[in-house]
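Student: My questions will all concern the structure given below.
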Amino acid sequence: MKALITGASSGIGLDMAKYLATKKCELILVARNKEKLEELQEKLSTKVTIIVADLSNEQKVKELYVLTRKENIDILINNAGFGDFGYFTDTDLNKELEMIDTNIKAVHILTKSFLKDMEKRKSGYILNVASSAAFQPGPLMATYYATKSYVYQLSTALYYEQKKKNTNVHVSVLCPGPVETNFNNVAGVKFGVKPLTSTFVAKYAIDEMFKKKLVIIPGFKMKCAKFFGRFVPLKLLLGITYRIQKKKVN
């Protein structure tokens, strides 16, 4: 099998690459950091192609698809993404637009492009990395939560479309809670609860994807949070989320 992973130079994406390599899966790894991609390429015991690309640039996203569309990708993992912290009127607009381009537009373009190819072949897996943030609005990280909600809603809808079309193409969405990655450094926050390791999340996500699980939530605590969150009034939920976010400030 052959997998394309975006955001593969660190965190969950890097650990997904390592785990898929143990399954003898050929890899196409995409990120902005060439040096880290080359380091990973040297360590993996499978065929690895690296592509340096900034996925906040729409044209680069489209070029990535053109460059790899003949590779017959079996697994597409849209992992690249980042967040930001602060009141909506205080955060930087340009950073937010870059976030929307990376977290939403790149995922949308790559999913649509590769999904069409997989439909024709009647096989394939798409794993979109969202977040537990997708399940509710997020004061102080409003844009990030909104982008992950988009990924969650898009992925679940596509899962059902593929099921009705009987294509044998499976779409999954990963919704982890706090994970030990570089995410909090980029967003400028720290976690208020003990995060899961990216190694655990990556392995769990890949295993569940192959089991054709739709919504993948690593960890018992986050599963419980999603379940009980359905019964909490919106305004109360907003207050709880706000207090959690306030504790994240470095």
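By order of appearance in the structure tokens: chains A, B, ..., then residues from 1 within every chain, and ligands from 1 in the order shown.
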Where does stretch 64-99 of chain A meet stretch 229-243 of chain A within 12 Å, residue by residue, with the nearest atom pair and distance in Å to one decimal for each, counting only C-alpha atoms, listed by chain and rising number, as CSV?

Tutor:
residue,atom,partner,partner_atom,distance
A:Phe85,CA,A:Tyr242,CA,11.5
A:Gly86,CA,A:Tyr242,CA,10.8
A:Tyr87,CA,A:Tyr242,CA,10.6

Student: Can you list, as a list in words, every protein, DNA or RNA residue that comes within 6 Å of A:Leu4 when you count only C-alpha atoms, leaving out same-chain residues fewer than 6 positions away?

Tutor: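 Surrounding residues, per the criterion: Leu27, Ile28, Leu29 and Leu76 of chain A.
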
Student: What residues in stretch 97-185 of chain A get the DSSP label alpha helix (DSSP H)? Please answer as a short mmCIF file (atom, residue, chain, number, x, y, z; two decimals) with all heavy atoms, in the first residue's frame.

Tutor:
data_model
loop_
_atom_site.label_atom_id
_atom_site.label_comp_id
_atom_site.auth_asym_id
_atom_site.auth_seq_id
_atom_site.Cartn_x
_atom_site.Cartn_y
_atom_site.Cartn_z
N LEU A 97 -6.12 33.56 8.66
CA LEU A 97 -6.39 33.21 7.27
C LEU A 97 -5.48 32.08 6.81
O LEU A 97 -5.90 31.19 6.06
CB LEU A 97 -6.23 34.43 6.37
CG LEU A 97 -7.27 35.55 6.59
CD1 LEU A 97 -6.95 36.75 5.70
CD2 LEU A 97 -8.68 35.05 6.32
N GLU A 98 -4.23 32.11 7.28
CA GLU A 98 -3.30 31.02 6.97
C GLU A 98 -3.79 29.72 7.61
O GLU A 98 -3.69 28.65 7.01
CB GLU A 98 -1.90 31.37 7.49
CG GLU A 98 -0.86 30.32 7.14
CD GLU A 98 0.52 30.69 7.65
OE1 GLU A 98 0.71 31.83 8.12
OE2 GLU A 98 1.42 29.82 7.61
N MET A 99 -4.34 29.83 8.82
CA MET A 99 -4.89 28.67 9.50
C MET A 99 -6.08 28.09 8.73
O MET A 99 -6.19 26.87 8.56
CB MET A 99 -5.34 29.06 10.92
CG MET A 99 -5.75 27.89 11.80
SD MET A 99 -6.69 28.40 13.28
CE MET A 99 -5.67 29.73 13.89
N ILE A 100 -6.96 28.95 8.28
CA ILE A 100 -8.12 28.51 7.50
C ILE A 100 -7.67 27.84 6.21
O ILE A 100 -8.20 26.79 5.81
CB ILE A 100 -9.05 29.70 7.21
CG1 ILE A 100 -9.73 30.17 8.51
CG2 ILE A 100 -10.12 29.32 6.17
CD1 ILE A 100 -10.45 31.49 8.38
N ALA A 106 -6.82 23.27 2.34
CA ALA A 106 -5.92 22.20 1.90
C ALA A 106 -6.57 20.83 2.08
O ALA A 106 -6.49 19.97 1.19
CB ALA A 106 -4.61 22.27 2.68
N VAL A 107 -7.22 20.64 3.22
CA VAL A 107 -7.93 19.37 3.48
C VAL A 107 -9.03 19.15 2.46
O VAL A 107 -9.20 18.05 1.92
CB VAL A 107 -8.52 19.37 4.91
CG1 VAL A 107 -9.40 18.14 5.12
CG2 VAL A 107 -7.41 19.41 5.95
N HIS A 108 -9.78 20.20 2.16
CA HIS A 108 -10.88 20.12 1.20
C HIS A 108 -10.37 19.74 -0.19
O HIS A 108 -10.90 18.83 -0.83
CB HIS A 108 -11.62 21.45 1.17
CG HIS A 108 -12.90 21.42 0.40
ND1 HIS A 108 -14.13 21.48 1.01
CD2 HIS A 108 -13.15 21.33 -0.95
CE1 HIS A 108 -15.08 21.43 0.08
NE2 HIS A 108 -14.51 21.34 -1.11
N ILE A 109 -9.35 20.44 -0.64
CA ILE A 109 -8.81 20.22 -1.99
C ILE A 109 -8.25 18.80 -2.13
O ILE A 109 -8.55 18.09 -3.10
CB ILE A 109 -7.74 21.26 -2.33
CG1 ILE A 109 -8.36 22.66 -2.46
CG2 ILE A 109 -7.02 20.89 -3.64
CD1 ILE A 109 -7.34 23.79 -2.52
N LEU A 110 -7.43 18.40 -1.18
CA LEU A 110 -6.79 17.08 -1.27
C LEU A 110 -7.81 15.95 -1.12
O LEU A 110 -7.74 14.95 -1.83
CB LEU A 110 -5.69 16.95 -0.22
CG LEU A 110 -4.47 17.86 -0.42
CD1 LEU A 110 -3.49 17.71 0.74
CD2 LEU A 110 -3.78 17.57 -1.74
N THR A 111 -8.74 16.13 -0.20
CA THR A 111 -9.78 15.10 -0.02
C THR A 111 -10.60 14.94 -1.29
O THR A 111 -10.83 13.82 -1.76
CB THR A 111 -10.70 15.47 1.16
OG1 THR A 111 -9.94 15.51 2.36
CG2 THR A 111 -11.82 14.45 1.31
N LYS A 112 -11.05 16.04 -1.84
CA LYS A 112 -11.89 15.98 -3.06
C LYS A 112 -11.12 15.37 -4.22
O LYS A 112 -11.63 14.51 -4.95
CB LYS A 112 -12.36 17.38 -3.43
CG LYS A 112 -13.45 17.40 -4.50
CD LYS A 112 -13.91 18.83 -4.74
CE LYS A 112 -15.15 18.88 -5.63
NZ LYS A 112 -16.36 18.41 -4.93
N SER A 113 -9.86 15.78 -4.38
CA SER A 113 -9.06 15.33 -5.52
C SER A 113 -8.77 13.84 -5.44
O SER A 113 -9.00 13.09 -6.40
CB SER A 113 -7.74 16.12 -5.58
OG SER A 113 -7.99 17.51 -5.73
N PHE A 114 -8.27 13.39 -4.29
CA PHE A 114 -7.92 11.98 -4.17
C PHE A 114 -9.15 11.08 -4.03
O PHE A 114 -9.12 9.91 -4.45
CB PHE A 114 -6.97 11.77 -2.98
CG PHE A 114 -5.56 12.20 -3.27
CD1 PHE A 114 -5.05 13.38 -2.73
CD2 PHE A 114 -4.75 11.47 -4.10
CE1 PHE A 114 -3.75 13.79 -2.99
CE2 PHE A 114 -3.44 11.86 -4.38
CZ PHE A 114 -2.95 13.03 -3.82
N LEU A 115 -10.21 11.61 -3.46
CA LEU A 115 -11.43 10.81 -3.32
C LEU A 115 -11.99 10.43 -4.69
O LEU A 115 -12.48 9.31 -4.89
CB LEU A 115 -12.47 11.58 -2.51
CG LEU A 115 -13.77 10.84 -2.17
CD1 LEU A 115 -13.49 9.54 -1.44
CD2 LEU A 115 -14.69 11.74 -1.34
N LYS A 116 -11.93 11.34 -5.64
CA LYS A 116 -12.39 11.03 -6.99
C LYS A 116 -11.61 9.87 -7.59
O LYS A 116 -12.17 8.97 -8.23
CB LYS A 116 -12.26 12.27 -7.89
CG LYS A 116 -13.25 13.37 -7.60
CD LYS A 116 -13.05 14.52 -8.57
CE LYS A 116 -14.09 15.61 -8.37
NZ LYS A 116 -13.91 16.74 -9.33
N ASP A 117 -10.29 9.89 -7.38
CA ASP A 117 -9.44 8.81 -7.90
C ASP A 117 -9.76 7.49 -7.21
O ASP A 117 -9.81 6.44 -7.85
CB ASP A 117 -7.97 9.16 -7.71
CG ASP A 117 -7.54 10.37 -8.51
OD1 ASP A 117 -8.21 10.69 -9.51
OD2 ASP A 117 -6.54 11.02 -8.12
N MET A 118 -9.95 7.54 -5.89
CA MET A 118 -10.25 6.33 -5.15
C MET A 118 -11.60 5.74 -5.55
O MET A 118 -11.76 4.52 -5.61
CB MET A 118 -10.23 6.62 -3.64
CG MET A 118 -8.85 6.93 -3.08
SD MET A 118 -8.90 7.36 -1.32
CE MET A 118 -7.16 7.60 -0.97
N GLU A 119 -12.56 6.61 -5.81
CA GLU A 119 -13.88 6.15 -6.29
C GLU A 119 -13.74 5.35 -7.57
O GLU A 119 -14.36 4.30 -7.74
CB GLU A 119 -14.80 7.34 -6.53
CG GLU A 119 -15.60 7.77 -5.33
CD GLU A 119 -16.75 8.69 -5.71
OE1 GLU A 119 -16.92 8.96 -6.92
OE2 GLU A 119 -17.48 9.13 -4.82
N LYS A 120 -12.91 5.84 -8.49
CA LYS A 120 -12.73 5.15 -9.76
C LYS A 120 -12.11 3.77 -9.56
O LYS A 120 -12.45 2.81 -10.25
CB LYS A 120 -11.86 5.99 -10.69
CG LYS A 120 -12.51 7.28 -11.16
CD LYS A 120 -11.55 8.11 -12.00
CE LYS A 120 -12.18 9.43 -12.41
NZ LYS A 120 -11.23 10.29 -13.18
N ARG A 121 -11.19 3.68 -8.59
CA ARG A 121 -10.52 2.41 -8.32
C ARG A 121 -11.33 1.53 -7.38
O ARG A 121 -11.01 0.36 -7.18
CB ARG A 121 -9.14 2.66 -7.70
CG ARG A 121 -8.18 3.44 -8.58
CD ARG A 121 -6.74 3.25 -8.11
NE ARG A 121 -6.58 3.53 -6.69
CZ ARG A 121 -6.25 4.72 -6.18
NH1 ARG A 121 -6.07 5.75 -6.99
NH2 ARG A 121 -6.11 4.88 -4.88
N ALA A 142 -11.39 30.53 18.84
CA ALA A 142 -12.60 30.46 18.03
C ALA A 142 -12.34 29.95 16.61
O ALA A 142 -13.06 29.09 16.10
CB ALA A 142 -13.29 31.82 17.99
N THR A 143 -11.31 30.48 15.98
CA THR A 143 -11.05 30.12 14.58
C THR A 143 -10.60 28.66 14.49
O THR A 143 -11.05 27.91 13.61
CB THR A 143 -9.99 31.04 13.97
OG1 THR A 143 -10.43 32.39 14.09
CG2 THR A 143 -9.76 30.72 12.50
N TYR A 144 -9.71 28.25 15.38
CA TYR A 144 -9.22 26.87 15.36
C TYR A 144 -10.36 25.89 15.55
O TYR A 144 -10.50 24.92 14.79
CB TYR A 144 -8.16 26.66 16.44
CG TYR A 144 -7.73 25.22 16.56
CD1 TYR A 144 -6.88 24.66 15.61
CD2 TYR A 144 -8.18 24.42 17.60
CE1 TYR A 144 -6.49 23.34 15.70
CE2 TYR A 144 -7.79 23.09 17.70
CZ TYR A 144 -6.95 22.55 16.75
OH TYR A 144 -6.57 21.23 16.82
N TYR A 145 -11.20 26.11 16.56
CA TYR A 145 -12.33 25.21 16.80
C TYR A 145 -13.24 25.15 15.58
O TYR A 145 -13.74 24.08 15.21
CB TYR A 145 -13.13 25.68 18.01
CG TYR A 145 -12.63 25.18 19.34
CD1 TYR A 145 -11.32 25.42 19.76
CD2 TYR A 145 -13.46 24.47 20.21
CE1 TYR A 145 -10.86 24.98 20.99
CE2 TYR A 145 -13.01 24.02 21.44
CZ TYR A 145 -11.70 24.27 21.82
OH TYR A 145 -11.25 23.83 23.04
N ALA A 146 -13.46 26.29 14.95
CA ALA A 146 -14.33 26.35 13.78
C ALA A 146 -13.75 25.55 12.62
O ALA A 146 -14.47 24.85 11.90
CB ALA A 146 -14.58 27.79 13.36
N THR A 147 -12.42 25.64 12.43
CA THR A 147 -11.80 24.89 11.33
C THR A 147 -11.91 23.40 11.55
O THR A 147 -12.16 22.63 10.61
CB THR A 147 -10.31 25.27 11.14
OG1 THR A 147 -9.55 24.90 12.31
CG2 THR A 147 -10.13 26.74 10.84
N LYS A 148 -11.76 22.96 12.79
CA LYS A 148 -11.82 21.53 13.07
C LYS A 148 -13.26 21.01 13.00
O LYS A 148 -13.49 19.85 12.66
CB LYS A 148 -11.20 21.23 14.43
CG LYS A 148 -9.69 21.43 14.44
CD LYS A 148 -9.01 20.64 13.33
CE LYS A 148 -7.52 20.79 13.31
NZ LYS A 148 -6.86 19.99 12.22
N SER A 149 -14.21 21.87 13.30
CA SER A 149 -15.62 21.49 13.12
C SER A 149 -15.91 21.26 11.64
O SER A 149 -16.63 20.33 11.28
CB SER A 149 -16.53 22.59 13.68
OG SER A 149 -17.89 22.24 13.50
N TYR A 150 -15.34 22.10 10.79
CA TYR A 150 -15.51 21.93 9.34
C TYR A 150 -14.98 20.56 8.90
O TYR A 150 -15.65 19.82 8.16
CB TYR A 150 -14.78 23.04 8.59
CG TYR A 150 -14.93 22.97 7.09
CD1 TYR A 150 -15.93 23.69 6.44
CD2 TYR A 150 -14.09 22.18 6.32
CE1 TYR A 150 -16.08 23.62 5.06
CE2 TYR A 150 -14.24 22.09 4.95
CZ TYR A 150 -15.23 22.82 4.32
OH TYR A 150 -15.37 22.74 2.96
N VAL A 151 -13.78 20.24 9.35
CA VAL A 151 -13.16 18.96 8.97
C VAL A 151 -14.02 17.78 9.45
O VAL A 151 -14.23 16.81 8.72
CB VAL A 151 -11.74 18.85 9.55
CG1 VAL A 151 -11.14 17.46 9.31
CG2 VAL A 151 -10.84 19.92 8.94
N TYR A 152 -14.53 17.89 10.67
CA TYR A 152 -15.37 16.83 11.24
C TYR A 152 -16.66 16.65 10.44
O TYR A 152 -17.01 15.53 10.04
CB TYR A 152 -15.69 17.18 12.70
CG TYR A 152 -16.68 16.25 13.35
CD1 TYR A 152 -16.30 14.99 13.78
CD2 TYR A 152 -18.01 16.64 13.56
CE1 TYR A 152 -17.21 14.13 14.39
CE2 TYR A 152 -18.92 15.80 14.17
CZ TYR A 152 -18.51 14.54 14.57
OH TYR A 152 -19.42 13.70 15.17
N GLN A 153 -17.36 17.75 10.18
CA GLN A 153 -18.63 17.67 9.46
C GLN A 153 -18.43 17.20 8.02
O GLN A 153 -19.21 16.38 7.51
CB GLN A 153 -19.32 19.04 9.48
CG GLN A 153 -19.69 19.54 10.87
CD GLN A 153 -20.76 18.71 11.55
OE1 GLN A 153 -21.36 17.83 10.95
NE2 GLN A 153 -21.00 19.00 12.82
N LEU A 154 -17.40 17.69 7.37
CA LEU A 154 -17.11 17.26 6.00
C LEU A 154 -16.83 15.76 5.95
O LEU A 154 -17.39 15.03 5.13
CB LEU A 154 -15.92 18.03 5.43
CG LEU A 154 -15.46 17.63 4.02
CD1 LEU A 154 -16.49 18.07 2.98
CD2 LEU A 154 -14.10 18.22 3.70
N SER A 155 -15.99 15.31 6.84
CA SER A 155 -15.55 13.91 6.83
C SER A 155 -16.71 12.95 7.10
O SER A 155 -16.84 11.91 6.42
CB SER A 155 -14.46 13.69 7.88
OG SER A 155 -13.35 14.51 7.63
N THR A 156 -17.54 13.28 8.08
CA THR A 156 -18.66 12.39 8.39
C THR A 156 -19.66 12.33 7.24
O THR A 156 -20.22 11.26 6.94
CB THR A 156 -19.36 12.82 9.69
OG1 THR A 156 -19.72 14.20 9.61
CG2 THR A 156 -18.45 12.61 10.89
N ALA A 157 -19.87 13.45 6.57
CA ALA A 157 -20.78 13.45 5.43
C ALA A 157 -20.22 12.61 4.28
O ALA A 157 -20.96 11.83 3.63
CB ALA A 157 -21.02 14.89 4.95
N LEU A 158 -18.92 12.74 4.03
CA LEU A 158 -18.30 11.98 2.94
C LEU A 158 -18.30 10.49 3.24
O LEU A 158 -18.44 9.67 2.32
CB LEU A 158 -16.87 12.48 2.71
CG LEU A 158 -16.74 13.94 2.25
CD1 LEU A 158 -15.28 14.27 1.98
CD2 LEU A 158 -17.59 14.21 1.01
N TYR A 159 -18.12 10.14 4.50
CA TYR A 159 -18.21 8.73 4.89
C TYR A 159 -19.54 8.14 4.44
O TYR A 159 -19.59 7.05 3.85
CB TYR A 159 -18.07 8.62 6.42
CG TYR A 159 -18.58 7.32 6.99
CD1 TYR A 159 -17.74 6.21 7.09
CD2 TYR A 159 -19.90 7.19 7.45
CE1 TYR A 159 -18.20 5.02 7.61
CE2 TYR A 159 -20.36 6.00 7.97
CZ TYR A 159 -19.52 4.91 8.05
OH TYR A 159 -19.97 3.73 8.56
N TYR A 160 -20.62 8.86 4.70
CA TYR A 160 -21.94 8.33 4.38
C TYR A 160 -22.18 8.32 2.87
O TYR A 160 -22.80 7.38 2.34
CB TYR A 160 -23.02 9.15 5.08
CG TYR A 160 -24.35 8.44 5.11
CD1 TYR A 160 -24.56 7.35 5.96
CD2 TYR A 160 -25.40 8.83 4.27
CE1 TYR A 160 -25.77 6.68 5.98
CE2 TYR A 160 -26.61 8.16 4.28
CZ TYR A 160 -26.79 7.09 5.14
OH TYR A 160 -27.99 6.42 5.15
N GLU A 161 -21.70 9.34 2.18
CA GLU A 161 -21.84 9.36 0.72
C GLU A 161 -21.16 8.15 0.10
O GLU A 161 -21.73 7.49 -0.80
CB GLU A 161 -21.23 10.64 0.15
CG GLU A 161 -22.04 11.90 0.41
CD GLU A 161 -21.45 13.12 -0.25
OE1 GLU A 161 -20.42 13.00 -0.95
OE2 GLU A 161 -22.02 14.21 -0.08
N GLN A 162 -19.96 7.84 0.57
CA GLN A 162 -19.24 6.70 0.01
C GLN A 162 -19.93 5.38 0.34
O GLN A 162 -19.96 4.46 -0.47
CB GLN A 162 -17.80 6.69 0.54
CG GLN A 162 -16.95 7.86 0.06
CD GLN A 162 -16.88 7.93 -1.45
OE1 GLN A 162 -16.49 6.96 -2.12
NE2 GLN A 162 -17.27 9.06 -2.01
N LYS A 163 -20.52 5.33 1.52
CA LYS A 163 -21.25 4.12 1.91
C LYS A 163 -22.46 3.92 1.00
O LYS A 163 -22.72 2.79 0.54
CB LYS A 163 -21.70 4.25 3.37
CG LYS A 163 -22.41 3.02 3.90
CD LYS A 163 -22.76 3.18 5.37
CE LYS A 163 -23.47 1.94 5.91
NZ LYS A 163 -23.82 2.09 7.35
N LYS A 164 -23.20 4.98 0.72
CA LYS A 164 -24.39 4.88 -0.13
C LYS A 164 -24.02 4.57 -1.57
O LYS A 164 -24.77 3.91 -2.29
CB LYS A 164 -25.20 6.18 -0.07
CG LYS A 164 -25.76 6.52 1.31
CD LYS A 164 -26.63 5.41 1.88
CE LYS A 164 -27.96 5.29 1.17
NZ LYS A 164 -28.84 4.29 1.81
N LYS A 165 -22.86 5.03 -2.00
CA LYS A 165 -22.41 4.77 -3.37
C LYS A 165 -21.71 3.41 -3.50
O LYS A 165 -21.39 2.98 -4.62
CB LYS A 165 -21.46 5.88 -3.83
CG LYS A 165 -22.15 7.23 -3.98
CD LYS A 165 -21.16 8.37 -4.19
CE LYS A 165 -20.67 8.43 -5.60
NZ LYS A 165 -19.85 9.66 -5.83
N PHE A 183 2.05 21.45 18.74
CA PHE A 183 0.86 22.28 18.54
C PHE A 183 0.76 23.43 19.54
O PHE A 183 0.50 24.57 19.19
CB PHE A 183 -0.41 21.43 18.63
CG PHE A 183 -1.69 22.24 18.63
CD1 PHE A 183 -2.28 22.59 17.43
CD2 PHE A 183 -2.28 22.66 19.81
CE1 PHE A 183 -3.45 23.35 17.42
CE2 PHE A 183 -3.44 23.41 19.81
CZ PHE A 183 -4.02 23.75 18.61
N ASN A 184 0.97 23.11 20.84
CA ASN A 184 0.78 24.14 21.85
C ASN A 184 1.82 25.25 21.75
O ASN A 184 1.55 26.40 22.10
CB ASN A 184 0.77 23.53 23.26
CG ASN A 184 1.98 22.67 23.55
OD1 ASN A 184 2.52 22.04 22.66
ND2 ASN A 184 2.40 22.63 24.80
N ASN A 185 3.01 24.94 21.24
CA ASN A 185 4.02 25.99 21.04
C ASN A 185 3.59 26.95 19.94
O ASN A 185 3.76 28.17 20.06
CB ASN A 185 5.37 25.36 20.69
CG ASN A 185 5.95 24.55 21.84
OD1 ASN A 185 5.77 24.91 23.00
ND2 ASN A 185 6.62 23.46 21.52
#

Student: Excluding same-chain residues fewer than 4 positions from A:Lys18, what lies within 10 Å of it counting only C-alpha atoms, as a list of chain:residue names?

Tutor: A:Ala8, A:Ile12, A:Gly13, A:Leu14, A:Thr22, A:Lys23, A:Cys25, A:Leu27, A:Leu40, A:Gln41, A:Lys43, A:Leu44, A:Ser45, A:Thr46, A:Thr199, A:Ala202, A:Lys203

Student: With all heavy atoms kept, could you save the residues just selected as a CSV table (one decimal), in the first residue's frame?

Tutor:
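As a result, out17.csv now contains:
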chain,number,residue,atom,x,y,z
A,8,ALA,N,3.9,15.8,8.1
A,8,ALA,CA,4.6,14.5,8.5
A,8,ALA,C,5.9,14.8,9.2
A,8,ALA,O,6.6,13.8,9.6
A,8,ALA,CB,4.8,13.6,7.3
A,12,ILE,N,1.9,13.9,15.5
A,12,ILE,CA,1.1,12.7,15.0
A,12,ILE,C,1.5,12.3,13.6
A,12,ILE,O,1.5,11.1,13.4
A,12,ILE,CB,-0.4,13.1,15.1
A,12,ILE,CG1,-0.8,13.4,16.5
A,12,ILE,CG2,-1.3,12.0,14.6
A,12,ILE,CD1,-2.2,14.0,16.7
A,13,GLY,N,1.7,13.2,12.7
A,13,GLY,CA,2.0,12.8,11.4
A,13,GLY,C,3.3,12.0,11.3
A,13,GLY,O,3.4,11.0,10.5
A,14,LEU,N,4.3,12.5,12.0
A,14,LEU,CA,5.6,11.7,12.1
A,14,LEU,C,5.4,10.3,12.6
A,14,LEU,O,5.9,9.4,12.0
A,14,LEU,CB,6.6,12.5,12.9
A,14,LEU,CG,8.0,12.0,13.0
A,14,LEU,CD1,9.0,13.1,13.2
A,14,LEU,CD2,8.1,11.0,14.2
A,22,THR,N,6.3,0.3,9.6
A,22,THR,CA,6.4,-1.0,10.1
A,22,THR,C,5.4,-2.0,9.4
A,22,THR,O,5.6,-3.2,9.5
A,22,THR,CB,6.1,-1.1,11.6
A,22,THR,OG1,4.7,-0.7,11.9
A,22,THR,CG2,6.9,-0.1,12.4
A,23,LYS,N,4.4,-1.5,8.7
A,23,LYS,CA,3.5,-2.3,8.0
A,23,LYS,C,3.9,-2.4,6.5
A,23,LYS,O,3.1,-2.8,5.7
A,23,LYS,CB,2.1,-1.7,8.1
A,23,LYS,CG,1.5,-1.8,9.5
A,23,LYS,CD,0.1,-1.2,9.5
A,23,LYS,CE,-0.6,-1.4,10.9
A,23,LYS,NZ,-0.8,-2.8,11.2
A,25,CYS,N,4.4,-0.1,4.3
A,25,CYS,CA,3.6,0.8,3.5
A,25,CYS,C,4.6,1.8,2.9
A,25,CYS,O,5.4,2.4,3.6
A,25,CYS,CB,2.6,1.5,4.3
A,25,CYS,SG,1.4,2.5,3.4
A,27,LEU,N,5.6,5.4,1.5
A,27,LEU,CA,5.2,6.7,2.1
A,27,LEU,C,5.6,7.9,1.2
A,27,LEU,O,6.7,7.9,0.6
A,27,LEU,CB,5.8,6.9,3.5
A,27,LEU,CG,5.5,5.8,4.5
A,27,LEU,CD1,6.3,6.1,5.8
A,27,LEU,CD2,4.0,5.8,4.8
A,40,LEU,N,13.7,12.0,8.9
A,40,LEU,CA,12.7,10.9,9.0
A,40,LEU,C,12.9,9.9,7.9
A,40,LEU,O,12.8,8.7,8.1
A,40,LEU,CB,11.3,11.5,9.0
A,40,LEU,CG,10.2,10.5,9.1
A,40,LEU,CD1,10.3,9.7,10.4
A,40,LEU,CD2,8.8,11.2,9.1
A,41,GLN,N,13.1,10.4,6.7
A,41,GLN,CA,13.3,9.5,5.5
A,41,GLN,C,14.5,8.5,5.8
A,41,GLN,O,14.4,7.4,5.4
A,41,GLN,CB,13.6,10.4,4.3
A,41,GLN,CG,13.8,9.6,3.0
A,41,GLN,CD,14.1,10.5,1.8
A,41,GLN,OE1,14.8,11.4,1.9
A,41,GLN,NE2,13.5,10.1,0.6
A,43,LYS,N,15.5,7.4,8.6
A,43,LYS,CA,15.3,6.5,9.7
A,43,LYS,C,14.3,5.3,9.3
A,43,LYS,O,14.3,4.3,10.0
A,43,LYS,CB,14.7,7.2,10.9
A,43,LYS,CG,15.7,8.2,11.5
A,43,LYS,CD,15.0,9.0,12.7
A,43,LYS,CE,16.0,10.0,13.3
A,43,LYS,NZ,15.3,10.8,14.4
A,44,LEU,N,13.5,5.6,8.3
A,44,LEU,CA,12.4,4.6,8.0
A,44,LEU,C,12.9,3.5,7.1
A,44,LEU,O,13.6,3.7,6.2
A,44,LEU,CB,11.2,5.3,7.4
A,44,LEU,CG,10.5,6.4,8.3
A,44,LEU,CD1,9.4,7.0,7.6
A,44,LEU,CD2,10.1,5.8,9.6
A,45,SER,N,12.4,2.3,7.4
A,45,SER,CA,12.8,1.1,6.6
A,45,SER,C,11.8,0.7,5.5
A,45,SER,O,11.5,-0.4,5.3
A,45,SER,CB,13.0,-0.1,7.6
A,45,SER,OG,11.8,-0.3,8.2
A,46,THR,N,11.4,1.7,4.8
A,46,THR,CA,10.5,1.5,3.7
A,46,THR,C,10.8,2.6,2.6
A,46,THR,O,11.5,3.5,2.9
A,46,THR,CB,9.0,1.6,4.1
A,46,THR,OG1,8.1,1.2,3.1
A,46,THR,CG2,8.6,3.0,4.5
A,199,THR,N,2.6,9.0,19.8
A,199,THR,CA,2.9,7.7,19.4
A,199,THR,C,1.6,6.8,19.6
A,199,THR,O,1.2,6.1,18.7
A,199,THR,CB,4.0,7.0,20.2
A,199,THR,OG1,5.2,7.8,20.0
A,199,THR,CG2,4.3,5.6,19.7
A,202,ALA,N,-1.2,8.1,17.2
A,202,ALA,CA,-1.0,7.7,15.8
A,202,ALA,C,-1.3,6.2,15.5
A,202,ALA,O,-2.0,5.9,14.6
A,202,ALA,CB,0.5,8.0,15.4
A,203,LYS,N,-0.8,5.4,16.4
A,203,LYS,CA,-1.1,3.9,16.3
A,203,LYS,C,-2.6,3.6,16.4
A,203,LYS,O,-3.2,2.9,15.6
A,203,LYS,CB,-0.3,3.1,17.3
A,203,LYS,CG,-0.5,1.6,17.2
A,203,LYS,CD,0.3,0.9,18.2
A,203,LYS,CE,0.2,-0.7,18.0
A,203,LYS,NZ,-1.2,-1.1,18.1

Student: Enumerate, as a PyMOL selection string, the complete set of residues in stretch 4-239 of chain A that a backbone-based DSSP assignment places in strand (DSSP E).

Tutor: chain A and resi 4-6+26-31+48-52+75-78+124-129+169-174+179-180+196-197+215-216

Student: With only C-alpha atoms as the basis for distance, which of A:Ile73, A:Gly7, A:Lys246, A:Tyr125 is at the shortest distance from A:Ala53?

Tutor: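 Once distances to A:Ala53 are computed over only C-alpha atoms, the minimum belongs to A:Gly7.
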
Student: What gap, in Å, lies between atom CA of A:Pro176 and atom CA of A:Ser131?

Tutor: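 According to the coordinates, atom CA of A:Pro176 and atom CA of A:Ser131 are separated by 5.0 Å.
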
Student: I'd like the interatomic distance between atom CA of A:Arg32 and atom CA of A:Val66, to a tenth of an Å.

Tutor: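 Between these atoms lies a distance of 17.8 Å.
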
Student: Smallest atom-to-atom distance to A:Ala134: which of A:Leu196, A:Tyr65, A:Phe88, A:Val215, using only C-alpha atoms?

Tutor: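 Smallest distance to A:Ala134 is found for A:Val215.
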
Student: Which is closer to A:Ala21 than all the others in A:Lys211, A:Lys2, A:Lys34, A:Lys221, using only C-alpha atoms?

Tutor: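 The closest residue to A:Ala21 is A:Lys2.
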